Amino acid sequence: MRLLVVEDEKDLREILKKRLTKEHYSVDACGDGLEAMDYIAMTQYDGLLLDIMVPGKDGLAILKEIREQGDDTPVLMLTARDGIEDRVKGLDLGADDYLVKPFAFDELLARIRVMMRRKPKFTSNRLTVADLVLDRDMKRVWRAEKEIKLSSKEFMVLEYLMRNQNIVLSRSQIEQNVWDFDFEGGSNVIDVYIRYLRKKIDEGFDRRLIHTVRGAGYVLRGES
């Protein structure tokens, strides 16, 4: 899943990006509201973490604008102010949740999980395709009840494929969902990770789940 963190406190922004990345999220981060709007215009995010007090365009203004555009991306507001008026305003504008700084990172992770489950495609933190199971909370994967060890990026690529089972995904789509804007590896890196996944997910099984669609990309199919 790809997240955008909009936070003007540099140290906190960098910590959030680093720790969320370790939790298998792809994370972009910026400290200016106008820059955030550029990110949002260029990329489809699975969730936004918006600090209210950012320069350029504050978090509430960003929220108001994207909701007026029909963008229903889940939004978690971050703020150092705990006044009820700010929280009510954010929720009325379409925020999914509110978190007052300072906060525990485990609470942030829990709120992100809850926020995601409100979206139809994220109703469960466990994905199942045929005999393949991925648990987002535990960060574990099984096939035919045998646990499979994956690296962070392998896990993220597989999760994206499973969330979009039976849909052909281009290399560009996989890259945009799994890697952030700092990624410079090129589409061949996607091929490498698909090869890694095939070896771990399909090798040794009669039925292949990951398929190549020539000239289009990759698809994970659950049906025979």
# chains A, B, ... in the order shown; residues from 1 in each chain; ligands from 1

call {"tool": "select_by_dssp", "arguments": {"residues": "segment 43-106 of chain A", "states": "helix (DSSP H, G or I)", "output": "list in words"}}
result
Gly59, Leu60, Ala61, Ile62, Leu63, Lys64, Glu65, Ile66, Arg67, Glu68, Ile84, Glu85, Asp86, Arg87, Val88, Lys89, Gly90, Leu91, Asp92, Leu93, Phe105 and Asp106 of chain A

call {"tool": "write_last_selection", "arguments": {"atoms": "N, CA, C and O atoms", "output": "PDB file, in the first residue's frame"}}
result
ATOM      1  N   GLY A  59      -3.509  21.371   6.170  1.00  0.00           N
ATOM      2  CA  GLY A  59      -4.108  20.057   6.005  1.00  0.00           C
ATOM      3  C   GLY A  59      -5.607  20.084   5.783  1.00  0.00           C
ATOM      4  O   GLY A  59      -6.141  19.305   4.990  1.00  0.00           O
ATOM      5  N   LEU A  60      -6.310  20.981   6.463  1.00  0.00           N
ATOM      6  CA  LEU A  60      -7.759  21.077   6.287  1.00  0.00           C
ATOM      7  C   LEU A  60      -8.111  21.564   4.884  1.00  0.00           C
ATOM      8  O   LEU A  60      -9.084  21.100   4.282  1.00  0.00           O
ATOM      9  N   ALA A  61      -7.317  22.492   4.361  1.00  0.00           N
ATOM     10  CA  ALA A  61      -7.556  22.992   3.006  1.00  0.00           C
ATOM     11  C   ALA A  61      -7.297  21.894   1.971  1.00  0.00           C
ATOM     12  O   ALA A  61      -8.030  21.771   0.981  1.00  0.00           O
ATOM     13  N   ILE A  62      -6.243  21.085   2.201  1.00  0.00           N
ATOM     14  CA  ILE A  62      -5.967  19.954   1.308  1.00  0.00           C
ATOM     15  C   ILE A  62      -7.138  18.980   1.330  1.00  0.00           C
ATOM     16  O   ILE A  62      -7.630  18.537   0.288  1.00  0.00           O
ATOM     17  N   LEU A  63      -7.592  18.642   2.533  1.00  0.00           N
ATOM     18  CA  LEU A  63      -8.709  17.712   2.692  1.00  0.00           C
ATOM     19  C   LEU A  63      -9.953  18.229   1.981  1.00  0.00           C
ATOM     20  O   LEU A  63     -10.626  17.485   1.249  1.00  0.00           O
ATOM     21  N   LYS A  64     -10.272  19.490   2.191  1.00  0.00           N
ATOM     22  CA  LYS A  64     -11.460  20.086   1.573  1.00  0.00           C
ATOM     23  C   LYS A  64     -11.368  20.002   0.046  1.00  0.00           C
ATOM     24  O   LYS A  64     -12.341  19.630  -0.630  1.00  0.00           O
ATOM     25  N   GLU A  65     -10.196  20.318  -0.495  1.00  0.00           N
ATOM     26  CA  GLU A  65     -10.034  20.342  -1.941  1.00  0.00           C
ATOM     27  C   GLU A  65     -10.164  18.952  -2.553  1.00  0.00           C
ATOM     28  O   GLU A  65     -10.847  18.768  -3.572  1.00  0.00           O
ATOM     29  N   ILE A  66      -9.520  17.955  -1.959  1.00  0.00           N
ATOM     30  CA  ILE A  66      -9.581  16.624  -2.564  1.00  0.00           C
ATOM     31  C   ILE A  66     -10.980  16.021  -2.441  1.00  0.00           C
ATOM     32  O   ILE A  66     -11.435  15.318  -3.347  1.00  0.00           O
ATOM     33  N   ARG A  67     -11.677  16.309  -1.350  1.00  0.00           N
ATOM     34  CA  ARG A  67     -13.044  15.786  -1.220  1.00  0.00           C
ATOM     35  C   ARG A  67     -13.975  16.466  -2.232  1.00  0.00           C
ATOM     36  O   ARG A  67     -14.861  15.820  -2.803  1.00  0.00           O
ATOM     37  N   GLU A  68     -13.779  17.744  -2.483  1.00  0.00           N
ATOM     38  CA  GLU A  68     -14.587  18.441  -3.489  1.00  0.00           C
ATOM     39  C   GLU A  68     -14.327  17.896  -4.887  1.00  0.00           C
ATOM     40  O   GLU A  68     -15.196  17.974  -5.766  1.00  0.00           O
ATOM     41  N   ILE A  84     -11.595  20.318  20.438  1.00  0.00           N
ATOM     42  CA  ILE A  84     -12.702  19.609  19.817  1.00  0.00           C
ATOM     43  C   ILE A  84     -13.122  20.284  18.517  1.00  0.00           C
ATOM     44  O   ILE A  84     -13.538  19.622  17.563  1.00  0.00           O
ATOM     45  N   GLU A  85     -12.987  21.605  18.440  1.00  0.00           N
ATOM     46  CA  GLU A  85     -13.419  22.333  17.246  1.00  0.00           C
ATOM     47  C   GLU A  85     -12.626  21.894  16.017  1.00  0.00           C
ATOM     48  O   GLU A  85     -13.187  21.701  14.935  1.00  0.00           O
ATOM     49  N   ASP A  86     -11.302  21.729  16.169  1.00  0.00           N
ATOM     50  CA  ASP A  86     -10.470  21.294  15.050  1.00  0.00           C
ATOM     51  C   ASP A  86     -10.840  19.892  14.605  1.00  0.00           C
ATOM     52  O   ASP A  86     -10.910  19.599  13.404  1.00  0.00           O
ATOM     53  N   ARG A  87     -11.090  19.013  15.567  1.00  0.00           N
ATOM     54  CA  ARG A  87     -11.433  17.640  15.224  1.00  0.00           C
ATOM     55  C   ARG A  87     -12.768  17.571  14.494  1.00  0.00           C
ATOM     56  O   ARG A  87     -12.914  16.855  13.497  1.00  0.00           O
ATOM     57  N   VAL A  88     -13.741  18.312  14.986  1.00  0.00           N
ATOM     58  CA  VAL A  88     -15.058  18.326  14.352  1.00  0.00           C
ATOM     59  C   VAL A  88     -14.957  18.859  12.924  1.00  0.00           C
ATOM     60  O   VAL A  88     -15.554  18.312  11.995  1.00  0.00           O
ATOM     61  N   LYS A  89     -14.191  19.928  12.745  1.00  0.00           N
ATOM     62  CA  LYS A  89     -14.053  20.517  11.415  1.00  0.00           C
ATOM     63  C   LYS A  89     -13.433  19.520  10.450  1.00  0.00           C
ATOM     64  O   LYS A  89     -13.887  19.369   9.307  1.00  0.00           O
ATOM     65  N   GLY A  90     -12.377  18.838  10.893  1.00  0.00           N
ATOM     66  CA  GLY A  90     -11.730  17.855  10.042  1.00  0.00           C
ATOM     67  C   GLY A  90     -12.665  16.714   9.667  1.00  0.00           C
ATOM     68  O   GLY A  90     -12.733  16.301   8.512  1.00  0.00           O
ATOM     69  N   LEU A  91     -13.404  16.201  10.641  1.00  0.00           N
ATOM     70  CA  LEU A  91     -14.335  15.113  10.370  1.00  0.00           C
ATOM     71  C   LEU A  91     -15.461  15.567   9.455  1.00  0.00           C
ATOM     72  O   LEU A  91     -15.892  14.829   8.567  1.00  0.00           O
ATOM     73  N   ASP A  92     -15.943  16.786   9.655  1.00  0.00           N
ATOM     74  CA  ASP A  92     -17.001  17.315   8.790  1.00  0.00           C
ATOM     75  C   ASP A  92     -16.525  17.476   7.351  1.00  0.00           C
ATOM     76  O   ASP A  92     -17.309  17.343   6.405  1.00  0.00           O
ATOM     77  N   LEU A  93     -15.234  17.764   7.169  1.00  0.00           N
ATOM     78  CA  LEU A  93     -14.689  17.924   5.818  1.00  0.00           C
ATOM     79  C   LEU A  93     -14.415  16.590   5.137  1.00  0.00           C
ATOM     80  O   LEU A  93     -14.121  16.551   3.945  1.00  0.00           O
ATOM     81  N   PHE A 105       3.676   5.121  18.052  1.00  0.00           N
ATOM     82  CA  PHE A 105       3.695   4.617  16.679  1.00  0.00           C
ATOM     83  C   PHE A 105       2.756   3.427  16.515  1.00  0.00           C
ATOM     84  O   PHE A 105       2.095   3.286  15.479  1.00  0.00           O
ATOM     85  N   ASP A 106       2.646   2.578  17.535  1.00  0.00           N
ATOM     86  CA  ASP A 106       1.738   1.433  17.446  1.00  0.00           C
ATOM     87  C   ASP A 106       0.296   1.892  17.292  1.00  0.00           C
ATOM     88  O   ASP A 106      -0.495   1.246  16.594  1.00  0.00           O
TER      89      ASP A 106
END

call {"tool": "closest_atom_pairs", "arguments": {"of": "segment 58-158 of chain A", "to": "segment 43-54 of chain A", "cutoff": "12 Å", "atoms": "only C-alpha atoms", "output": "CSV"}}
result
residue,atom,partner,partner_atom,distance
A:Asp58,CA,A:Val54,CA,4.9
A:Gly59,CA,A:Ile52,CA,4.0
A:Leu60,CA,A:Ile52,CA,6.0
A:Ala61,CA,A:Ile52,CA,8.6
A:Ile62,CA,A:Leu50,CA,8.4
A:Leu63,CA,A:Leu50,CA,8.3
A:Lys64,CA,A:Ile52,CA,11.8
A:Ile66,CA,A:Leu48,CA,11.0
A:Asp71,CA,A:Gln44,CA,9.6
A:Asp72,CA,A:Gly47,CA,9.5
A:Thr73,CA,A:Gly47,CA,5.7
A:Pro74,CA,A:Gly47,CA,4.9
A:Val75,CA,A:Leu48,CA,4.8
A:Leu76,CA,A:Leu49,CA,4.9
A:Met77,CA,A:Leu50,CA,4.8
A:Leu78,CA,A:Asp51,CA,4.4
A:Thr79,CA,A:Asp51,CA,5.5
A:Ala80,CA,A:Met53,CA,8.5
A:Arg81,CA,A:Ile52,CA,8.9
A:Asp82,CA,A:Ile52,CA,11.4
A:Asp86,CA,A:Ile52,CA,9.1
A:Arg87,CA,A:Ile52,CA,10.3
A:Lys89,CA,A:Ile52,CA,11.1
A:Gly90,CA,A:Ile52,CA,9.0
A:Ala95,CA,A:Leu50,CA,9.5
A:Asp96,CA,A:Leu48,CA,10.0
A:Asp97,CA,A:Leu49,CA,9.7
A:Tyr98,CA,A:Leu50,CA,9.5
A:Leu99,CA,A:Asp51,CA,9.4
A:Val100,CA,A:Asp51,CA,9.7
A:Lys101,CA,A:Asp51,CA,9.6
A:Leu108,CA,A:Leu49,CA,9.9
A:Leu109,CA,A:Leu49,CA,11.4
A:Arg111,CA,A:Leu49,CA,10.7
A:Ile112,CA,A:Gly47,CA,8.0
A:Arg113,CA,A:Gly47,CA,10.1
A:Val114,CA,A:Gly47,CA,11.4
A:Met115,CA,A:Gly47,CA,8.4
A:Met116,CA,A:Gly47,CA,7.5
A:Arg117,CA,A:Asp46,CA,11.1
A:Arg118,CA,A:Gly47,CA,11.3
A:Lys119,CA,A:Asp46,CA,9.4
A:Pro120,CA,A:Asp46,CA,11.9
A:Lys121,CA,A:Asp46,CA,10.3
A:Phe122,CA,A:Asp46,CA,9.7

call {"tool": "residues_around", "arguments": {"residues": "Arg140 of chain A", "least_positions_apart": "4", "cutoff": "10 Å", "atoms": "only C-alpha atoms", "output": "VMD selection string"}}
result
chain A and resid 126 133 to 136 147 to 150 155

call {"tool": "residues_around", "arguments": {"residues": "Thr21 of chain A", "least_positions_apart": "2", "cutoff": "12 Å", "atoms": "only C-alpha atoms", "output": "list in words"}}
result
Met1, Arg2, Leu3, Leu4, Val5, Glu14, Ile15, Leu16, Lys17, Lys18, Arg19, Glu23, His24, Tyr25, Ser26, Val27, Asp28, Ala29, Leu109, Ser152, Lys153, Phe155, Met156, Val178, Trp179 and Asp180 of chain A

call {"tool": "atom_distance", "arguments": {"atom1": "atom CA of Asp137 of chain A", "atom2": "atom CA of Leu161 of chain A"}}
result
17.3 Å

call {"tool": "select_by_dssp", "arguments": {"residues": "segment 28-150 of chain A", "states": "strand (DSSP E)", "output": "number ranges by chain"}}
result
A: 28-30, 47-51, 75-79, 97-100, 126-129, 132-135, 140-143, 146-148
